[in-house]
Amino acid sequence: MEMVSAQNLWKSFDGQEVLRGISCTVQQGEVLAIIGPSGSGKSTLLRCITQLEQVDQGHIVICGEELVKTVEGKARYGDKKTCARIGLHLGLVFQNFNLFPHFNVLRNITEAPMRVLKKSGEEAKAQALSLLEKMGLSDKAAAYPGQLSGGQQQRVSIARALAMSPDILFFDEPTSALDPELTGEILKVIRELAAEHMTMVVVTHEMKFARDVADRVIFMDGGVIVEEGDPQQVFEAPKSERTKAFLARYNER
């Protein structure tokens with residue numbers, strides 16, 4: 001089943017084209033890794049699909065519902081209610097955690113399910129505690145974000161996203177703010193979610209992770225998709241010279 005269909009997406013900032021006619025899809029249960037140099041448009045693509053940015057032109061369908069289409073050369077979005085409903089299908093984990101510093105861990109996780117999904121306090125708390133156990137953070141429910149390591153904060157942010165029961169989970173460079181030791185904690189969690197067949201889109205600079213965990217890899221550069229395919233093909237036998245040059249720099253490290 002196709003969970004995301006993004007067709008011919010264009011996006012500019014101050015006259016500079018960041019996405020140039022990009023098209024991609026995400027299938028149910030698939031882990032899609034998006035790689036590429038800084039400034040290639042990877043994060044912008046994620047932000048457009050998750051409604052943090054609006055496209056200038058293009059067509060996006062999420063879980064069978066149309067988010068935006070192009071009419072007479074301009075993007076036309078669905079009404080506010082439709083966009084909000086579509087947004088509930090999606091979860092997003094940011095690179096810088098984005099936890100509420102004045103809420104403890106438990107409240108960071110329960111706030112949205114109670115306010116948006118109208119869950120009872122008891123139900124939201126039970127779910128949050130279960131997610132914290134899954135993340136190896138059972139003893140941190142009463143702690144505040146400032147009392148946690150970066151890896152712990154990122155695991156809380158993953159739990160917060162999962163608490164909304166999204167159909168698709170998006171990760172925007174989830175390990176970029178972490179040192180190598182803490183990076184392993186987050187990659188382990190994502191591997192476990194992949195084993196549970198969670199549909200995920202991961203923008204990452206962790207090439208080994210993308211190669212080992214993704215079902216499909218997209219390489220972006222200059223606002224376009226240069227190459228896509230299964231990890232073995234992209235990493236071991238890339239067709240594009242640009243892909244070869246990019247991966248060669250990582251292989252030298």
# chains A, B, ... in the order shown; residues from 1 in each chain; ligands from 1
>>> select_by_dssp(residues="range 152-219 of chain A", states="strand (DSSP E or B)", output="count of residues only")
14
>>> select_by_dssp(residues="range 141-239 of chain A", states="alpha helix (DSSP H)", output="ChimeraX atom specification")
/A:150-162,180-195,207-213,231-236
>>> closest_atom_pairs(of="range 3-56 of chain A", to="range 166-174 of chain A", cutoff="10 Å", atoms="only C-alpha atoms", output="JSON lines")
{"residue": "A:Met3", "atom": "CA", "partner": "A:Ile168", "partner_atom": "CA", "distance": 7.7}
{"residue": "A:Val4", "atom": "CA", "partner": "A:Ile168", "partner_atom": "CA", "distance": 8.8}
{"residue": "A:Val26", "atom": "CA", "partner": "A:Ile168", "partner_atom": "CA", "distance": 9.1}
{"residue": "A:Gln27", "atom": "CA", "partner": "A:Ile168", "partner_atom": "CA", "distance": 9.8}
{"residue": "A:Gln28", "atom": "CA", "partner": "A:Ile168", "partner_atom": "CA", "distance": 8.3}
{"residue": "A:Gly29", "atom": "CA", "partner": "A:Ile168", "partner_atom": "CA", "distance": 8.7}
{"residue": "A:Glu30", "atom": "CA", "partner": "A:Ile168", "partner_atom": "CA", "distance": 9.5}
{"residue": "A:Val31", "atom": "CA", "partner": "A:Leu169", "partner_atom": "CA", "distance": 9.5}
{"residue": "A:Leu32", "atom": "CA", "partner": "A:Phe170", "partner_atom": "CA", "distance": 9.5}
{"residue": "A:Ala33", "atom": "CA", "partner": "A:Phe171", "partner_atom": "CA", "distance": 9.5}
{"residue": "A:Ile34", "atom": "CA", "partner": "A:Asp172", "partner_atom": "CA", "distance": 9.5}
{"residue": "A:Ile35", "atom": "CA", "partner": "A:Glu173", "partner_atom": "CA", "distance": 9.8}
{"residue": "A:Lys42", "atom": "CA", "partner": "A:Asp172", "partner_atom": "CA", "distance": 8.5}
{"residue": "A:Ser43", "atom": "CA", "partner": "A:Asp172", "partner_atom": "CA", "distance": 6.3}
{"residue": "A:Thr44", "atom": "CA", "partner": "A:Asp172", "partner_atom": "CA", "distance": 9.6}
{"residue": "A:Leu46", "atom": "CA", "partner": "A:Phe170", "partner_atom": "CA", "distance": 7.3}
{"residue": "A:Arg47", "atom": "CA", "partner": "A:Asp172", "partner_atom": "CA", "distance": 8.9}
{"residue": "A:Ile49", "atom": "CA", "partner": "A:Phe170", "partner_atom": "CA", "distance": 9.5}
{"residue": "A:Thr50", "atom": "CA", "partner": "A:Phe170", "partner_atom": "CA", "distance": 8.3}
>>> residues_around(residues="range 219-226 of chain A", least_positions_apart="3", cutoff="9 Å", atoms="only C-alpha atoms", output="list of chain:residue names")
A:Trp10, A:Lys11, A:Glu17, A:Val18, A:Leu19, A:Arg20, A:Gly21, A:Ile22, A:Ser23, A:Cys24, A:Ala33, A:Ile34, A:Ile35, A:Gly36, A:Pro37, A:Ser38, A:Gly39, A:Ser40, A:Gly41, A:Lys42, A:Leu45, A:Val234, A:Ser240, A:Arg242, A:Thr243
>>> write_last_selection(atoms="N, CA, C and O atoms", output="CSV table (one decimal), in the first residue's frame")
chain,number,residue,atom,x,y,z
A,10,TRP,N,8.0,21.4,-6.1
A,10,TRP,CA,8.9,22.6,-6.2
A,10,TRP,C,8.8,23.5,-5.0
A,10,TRP,O,7.7,23.7,-4.5
A,11,LYS,N,10.0,24.0,-4.5
A,11,LYS,CA,10.0,24.8,-3.4
A,11,LYS,C,11.2,25.8,-3.5
A,11,LYS,O,12.3,25.3,-3.7
A,17,GLU,N,15.8,28.0,-5.7
A,17,GLU,CA,15.1,26.7,-5.8
A,17,GLU,C,15.8,25.7,-4.9
A,17,GLU,O,16.9,25.3,-5.2
A,18,VAL,N,15.0,25.1,-4.0
A,18,VAL,CA,15.6,24.1,-3.1
A,18,VAL,C,15.1,22.7,-3.5
A,18,VAL,O,15.8,21.7,-3.3
A,19,LEU,N,13.8,22.6,-3.9
A,19,LEU,CA,13.3,21.4,-4.5
A,19,LEU,C,12.9,21.7,-5.9
A,19,LEU,O,12.2,22.7,-6.2
A,20,ARG,N,13.4,20.9,-6.8
A,20,ARG,CA,13.2,21.1,-8.3
A,20,ARG,C,12.5,19.9,-9.0
A,20,ARG,O,13.2,19.1,-9.6
A,21,GLY,N,11.2,19.9,-8.8
A,21,GLY,CA,10.4,18.8,-9.4
A,21,GLY,C,10.6,17.4,-8.9
A,21,GLY,O,10.6,16.4,-9.6
A,22,ILE,N,10.8,17.3,-7.6
A,22,ILE,CA,11.0,16.0,-6.9
A,22,ILE,C,9.8,15.2,-6.9
A,22,ILE,O,8.7,15.7,-6.6
A,23,SER,N,9.9,13.9,-7.2
A,23,SER,CA,8.8,12.9,-7.0
A,23,SER,C,9.4,11.7,-6.3
A,23,SER,O,10.5,11.2,-6.6
A,24,CYS,N,8.6,11.2,-5.3
A,24,CYS,CA,9.0,10.0,-4.6
A,24,CYS,C,7.7,9.4,-3.9
A,24,CYS,O,6.7,10.0,-3.8
A,33,ALA,N,15.6,5.6,3.3
A,33,ALA,CA,16.6,6.5,3.7
A,33,ALA,C,16.9,7.5,2.7
A,33,ALA,O,17.0,7.2,1.5
A,34,ILE,N,17.1,8.8,3.1
A,34,ILE,CA,17.4,9.9,2.2
A,34,ILE,C,18.8,10.4,2.5
A,34,ILE,O,19.0,10.9,3.7
A,35,ILE,N,19.7,10.3,1.6
A,35,ILE,CA,21.1,10.8,1.9
A,35,ILE,C,21.4,11.8,0.9
A,35,ILE,O,20.8,12.1,-0.1
A,36,GLY,N,22.5,12.5,1.1
A,36,GLY,CA,23.0,13.6,0.2
A,36,GLY,C,23.8,14.7,1.0
A,36,GLY,O,23.7,14.7,2.2
A,37,PRO,N,24.5,15.5,0.3
A,37,PRO,CA,25.2,16.6,1.0
A,37,PRO,C,24.3,17.6,1.6
A,37,PRO,O,23.1,17.7,1.3
A,38,SER,N,24.9,18.4,2.5
A,38,SER,CA,24.2,19.5,3.1
A,38,SER,C,23.7,20.5,2.0
A,38,SER,O,24.4,20.8,1.1
A,39,GLY,N,22.4,20.9,2.2
A,39,GLY,CA,21.9,21.9,1.2
A,39,GLY,C,21.3,21.2,0.0
A,39,GLY,O,20.9,21.9,-0.9
A,40,SER,N,21.2,19.9,0.0
A,40,SER,CA,20.6,19.2,-1.2
A,40,SER,C,19.1,19.2,-1.2
A,40,SER,O,18.5,18.8,-2.2
A,41,GLY,N,18.5,19.6,-0.1
A,41,GLY,CA,17.0,19.6,-0.1
A,41,GLY,C,16.4,18.5,0.7
A,41,GLY,O,15.1,18.4,0.7
A,42,LYS,N,17.2,17.7,1.3
A,42,LYS,CA,16.6,16.5,2.1
A,42,LYS,C,15.6,16.9,3.1
A,42,LYS,O,14.5,16.4,3.2
A,45,LEU,N,12.4,18.5,1.9
A,45,LEU,CA,11.5,17.5,1.4
A,45,LEU,C,10.6,17.0,2.5
A,45,LEU,O,9.4,16.9,2.4
A,234,VAL,N,22.7,1.1,-4.6
A,234,VAL,CA,23.2,2.5,-4.5
A,234,VAL,C,24.6,2.5,-3.9
A,234,VAL,O,25.4,3.3,-4.3
A,240,SER,N,25.3,6.8,-10.9
A,240,SER,CA,25.6,8.2,-11.2
A,240,SER,C,27.0,8.5,-10.7
A,240,SER,O,27.5,8.1,-9.6
A,242,ARG,N,27.9,11.4,-9.7
A,242,ARG,CA,27.8,12.2,-8.5
A,242,ARG,C,27.6,11.4,-7.3
A,242,ARG,O,28.1,11.7,-6.2
A,243,THR,N,26.8,10.3,-7.4
A,243,THR,CA,26.6,9.4,-6.2
A,243,THR,C,28.0,8.8,-5.9
A,243,THR,O,28.3,8.7,-4.7
>>> closest_atom_pairs(of="range 17-104 of chain A", to="range 154-161 of chain A", cutoff="10 Å", atoms="only C-alpha atoms", output="CSV")
residue,atom,partner,partner_atom,distance
A:Leu90,CA,A:Ala161,CA,8.7
A:Gly91,CA,A:Ala161,CA,5.2
A:Leu92,CA,A:Ala161,CA,6.3
A:Val93,CA,A:Ile158,CA,6.1
A:Phe94,CA,A:Ser157,CA,7.9
A:Gln95,CA,A:Gln154,CA,8.1
A:Asn96,CA,A:Gln154,CA,7.9
A:Phe97,CA,A:Gln154,CA,5.4
A:Asn98,CA,A:Ser157,CA,7.5
A:Leu99,CA,A:Ser157,CA,6.7
>>> write_last_selection(atoms="N, CA, C and O atoms", output="PDB file, in the first residue's frame")
ATOM      1  N   LEU A  90       1.089  11.375  10.503  1.00  0.00           N
ATOM      2  CA  LEU A  90       2.529  11.570  10.437  1.00  0.00           C
ATOM      3  C   LEU A  90       3.134  11.904  11.797  1.00  0.00           C
ATOM      4  O   LEU A  90       2.581  12.680  12.567  1.00  0.00           O
ATOM      5  N   GLY A  91       4.297  11.338  12.067  1.00  0.00           N
ATOM      6  CA  GLY A  91       5.086  11.704  13.241  1.00  0.00           C
ATOM      7  C   GLY A  91       6.446  12.192  12.778  1.00  0.00           C
ATOM      8  O   GLY A  91       6.975  11.685  11.787  1.00  0.00           O
ATOM      9  N   LEU A  92       6.998  13.170  13.476  1.00  0.00           N
ATOM     10  CA  LEU A  92       8.288  13.733  13.066  1.00  0.00           C
ATOM     11  C   LEU A  92       9.213  13.840  14.265  1.00  0.00           C
ATOM     12  O   LEU A  92       8.838  14.387  15.308  1.00  0.00           O
ATOM     13  N   VAL A  93      10.425  13.319  14.110  1.00  0.00           N
ATOM     14  CA  VAL A  93      11.464  13.411  15.132  1.00  0.00           C
ATOM     15  C   VAL A  93      12.530  14.371  14.612  1.00  0.00           C
ATOM     16  O   VAL A  93      13.123  14.142  13.558  1.00  0.00           O
ATOM     17  N   PHE A  94      12.756  15.446  15.366  1.00  0.00           N
ATOM     18  CA  PHE A  94      13.667  16.497  14.936  1.00  0.00           C
ATOM     19  C   PHE A  94      15.108  16.183  15.344  1.00  0.00           C
ATOM     20  O   PHE A  94      15.357  15.415  16.275  1.00  0.00           O
ATOM     21  N   GLN A  95      16.052  16.854  14.703  1.00  0.00           N
ATOM     22  CA  GLN A  95      17.448  16.625  15.054  1.00  0.00           C
ATOM     23  C   GLN A  95      17.805  17.244  16.401  1.00  0.00           C
ATOM     24  O   GLN A  95      18.718  16.781  17.073  1.00  0.00           O
ATOM     25  N   ASN A  96      17.087  18.290  16.813  1.00  0.00           N
ATOM     26  CA  ASN A  96      17.415  18.964  18.069  1.00  0.00           C
ATOM     27  C   ASN A  96      16.370  18.729  19.157  1.00  0.00           C
ATOM     28  O   ASN A  96      16.158  19.589  20.023  1.00  0.00           O
ATOM     29  N   PHE A  97      15.677  17.598  19.086  1.00  0.00           N
ATOM     30  CA  PHE A  97      14.787  17.086  20.128  1.00  0.00           C
ATOM     31  C   PHE A  97      13.468  17.859  20.241  1.00  0.00           C
ATOM     32  O   PHE A  97      12.410  17.271  20.263  1.00  0.00           O
ATOM     33  N   ASN A  98      13.527  19.199  20.404  1.00  0.00           N
ATOM     34  CA  ASN A  98      12.320  20.033  20.495  1.00  0.00           C
ATOM     35  C   ASN A  98      11.380  19.620  21.621  1.00  0.00           C
ATOM     36  O   ASN A  98      10.159  19.716  21.486  1.00  0.00           O
ATOM     37  N   LEU A  99      11.937  19.176  22.745  1.00  0.00           N
ATOM     38  CA  LEU A  99      11.123  18.873  23.918  1.00  0.00           C
ATOM     39  C   LEU A  99      10.784  20.163  24.654  1.00  0.00           C
ATOM     40  O   LEU A  99      11.508  21.151  24.575  1.00  0.00           O
TER      41      LEU A  99
END
>>> residues_around(residues="Gln127 in chain A", least_positions_apart="4", cutoff="8 Å", atoms="only C-alpha atoms", output="number ranges by chain")
A: 123, 131, 163
>>> write_last_selection(atoms="N, CA and C atoms", output="short mmCIF file (atom, residue, chain, number, x, y, z; two decimals), in the first residue's frame")
data_model
loop_
_atom_site.label_atom_id
_atom_site.label_comp_id
_atom_site.auth_asym_id
_atom_site.auth_seq_id
_atom_site.Cartn_x
_atom_site.Cartn_y
_atom_site.Cartn_z
N GLU A 123 -5.13 6.88 30.43
CA GLU A 123 -4.77 6.17 29.21
C GLU A 123 -3.46 6.71 28.63
N LEU A 131 5.86 3.24 26.50
CA LEU A 131 6.82 3.70 25.52
C LEU A 131 8.18 3.99 26.16
N ALA A 163 3.62 8.23 20.57
CA ALA A 163 2.42 8.34 21.41
C ALA A 163 1.20 8.81 20.62
#
>>> closest_residue(among="A:Thr199, A:Gln16, A:Gln153, A:Thr175", to="Asn104 in chain A", atoms="only C-alpha atoms")
A:Gln153
>>> atom_distance(atom1="CA of Ser176 in chain A", atom2="CA of Phe209 in chain A")
13.2 Å
>>> closest_residue(among="A:Pro145, A:Ile62, A:Met198, A:Gln57", to="His102 in chain A", atoms="only C-alpha atoms")
A:Pro145
>>> closest_residue(among="A:Arg191, A:Gly73, A:Ile218, A:Phe13", to="Val203 in chain A", atoms="only C-alpha atoms")
A:Ile218
>>> atom_distance(atom1="CA of Ala128 in chain A", atom2="CA of Glu185 in chain A")
19.1 Å
>>> decode(residues="range 84-96 of chain A", atoms="all heavy atoms", output="short mmCIF file (atom, residue, chain, number, x, y, z; two decimals), in the first residue's frame")
data_model
loop_
_atom_site.label_atom_id
_atom_site.label_comp_id
_atom_site.auth_asym_id
_atom_site.auth_seq_id
_atom_site.Cartn_x
_atom_site.Cartn_y
_atom_site.Cartn_z
N ALA A 84 -5.28 19.08 9.02
CA ALA A 84 -5.07 18.60 10.39
C ALA A 84 -5.27 17.09 10.48
O ALA A 84 -4.50 16.38 11.14
CB ALA A 84 -6.03 19.31 11.35
N ARG A 85 -6.29 16.60 9.80
CA ARG A 85 -6.56 15.15 9.81
C ARG A 85 -5.42 14.39 9.15
O ARG A 85 -4.97 13.35 9.67
CB ARG A 85 -7.88 14.87 9.10
CG ARG A 85 -8.29 13.40 9.15
CD ARG A 85 -9.66 13.16 8.55
NE ARG A 85 -9.71 13.49 7.13
CZ ARG A 85 -10.39 14.53 6.62
NH1 ARG A 85 -11.06 15.34 7.41
NH2 ARG A 85 -10.38 14.75 5.31
N ILE A 86 -4.93 14.89 8.04
CA ILE A 86 -3.81 14.24 7.36
C ILE A 86 -2.56 14.26 8.25
O ILE A 86 -1.80 13.30 8.31
CB ILE A 86 -3.52 14.93 6.01
CG1 ILE A 86 -4.67 14.64 5.03
CG2 ILE A 86 -2.19 14.46 5.42
CD1 ILE A 86 -4.59 15.40 3.73
N GLY A 87 -2.37 15.36 8.97
CA GLY A 87 -1.22 15.49 9.86
C GLY A 87 -1.16 14.42 10.93
O GLY A 87 -0.07 14.06 11.41
N LEU A 88 -2.31 13.90 11.33
CA LEU A 88 -2.34 12.87 12.37
C LEU A 88 -1.73 11.55 11.89
O LEU A 88 -1.39 10.69 12.71
CB LEU A 88 -3.78 12.64 12.84
CG LEU A 88 -4.42 13.80 13.61
CD1 LEU A 88 -5.87 13.47 13.94
CD2 LEU A 88 -3.64 14.11 14.88
N HIS A 89 -1.61 11.38 10.59
CA HIS A 89 -0.98 10.16 10.06
C HIS A 89 0.54 10.18 10.24
O HIS A 89 1.20 9.16 10.12
CB HIS A 89 -1.26 10.01 8.56
CG HIS A 89 -2.69 9.71 8.22
ND1 HIS A 89 -3.31 8.52 8.55
CD2 HIS A 89 -3.64 10.45 7.58
CE1 HIS A 89 -4.55 8.53 8.12
NE2 HIS A 89 -4.78 9.68 7.52
N LEU A 90 1.09 11.38 10.50
CA LEU A 90 2.53 11.57 10.44
C LEU A 90 3.13 11.90 11.80
O LEU A 90 2.58 12.68 12.57
CB LEU A 90 2.85 12.71 9.46
CG LEU A 90 2.13 12.68 8.11
CD1 LEU A 90 2.49 13.91 7.30
CD2 LEU A 90 2.46 11.40 7.35
N GLY A 91 4.30 11.34 12.07
CA GLY A 91 5.09 11.70 13.24
C GLY A 91 6.45 12.19 12.78
O GLY A 91 6.98 11.68 11.79
N LEU A 92 7.00 13.17 13.48
CA LEU A 92 8.29 13.73 13.07
C LEU A 92 9.21 13.84 14.27
O LEU A 92 8.84 14.39 15.31
CB LEU A 92 8.08 15.12 12.44
CG LEU A 92 9.33 15.88 11.99
CD1 LEU A 92 10.11 15.08 10.94
CD2 LEU A 92 8.96 17.25 11.43
N VAL A 93 10.42 13.32 14.11
CA VAL A 93 11.46 13.41 15.13
C VAL A 93 12.53 14.37 14.61
O VAL A 93 13.12 14.14 13.56
CB VAL A 93 12.08 12.03 15.43
CG1 VAL A 93 13.20 12.15 16.46
CG2 VAL A 93 11.00 11.07 15.93
N PHE A 94 12.76 15.45 15.37
CA PHE A 94 13.67 16.50 14.94
C PHE A 94 15.11 16.18 15.34
O PHE A 94 15.36 15.42 16.28
CB PHE A 94 13.26 17.84 15.56
CG PHE A 94 11.88 18.30 15.20
CD1 PHE A 94 10.78 17.92 15.96
CD2 PHE A 94 11.67 19.11 14.10
CE1 PHE A 94 9.51 18.35 15.64
CE2 PHE A 94 10.40 19.55 13.77
CZ PHE A 94 9.31 19.16 14.54
N GLN A 95 16.05 16.85 14.70
CA GLN A 95 17.45 16.62 15.05
C GLN A 95 17.81 17.24 16.40
O GLN A 95 18.72 16.78 17.07
CB GLN A 95 18.37 17.15 13.95
CG GLN A 95 18.18 18.59 13.56
CD GLN A 95 19.07 18.98 12.38
OE1 GLN A 95 20.27 18.73 12.40
NE2 GLN A 95 18.50 19.58 11.36
N ASN A 96 17.09 18.29 16.81
CA ASN A 96 17.41 18.96 18.07
C ASN A 96 16.37 18.73 19.16
O ASN A 96 16.16 19.59 20.02
CB ASN A 96 17.61 20.47 17.83
CG ASN A 96 18.85 20.74 16.99
OD1 ASN A 96 19.89 20.12 17.20
ND2 ASN A 96 18.75 21.64 16.03
#
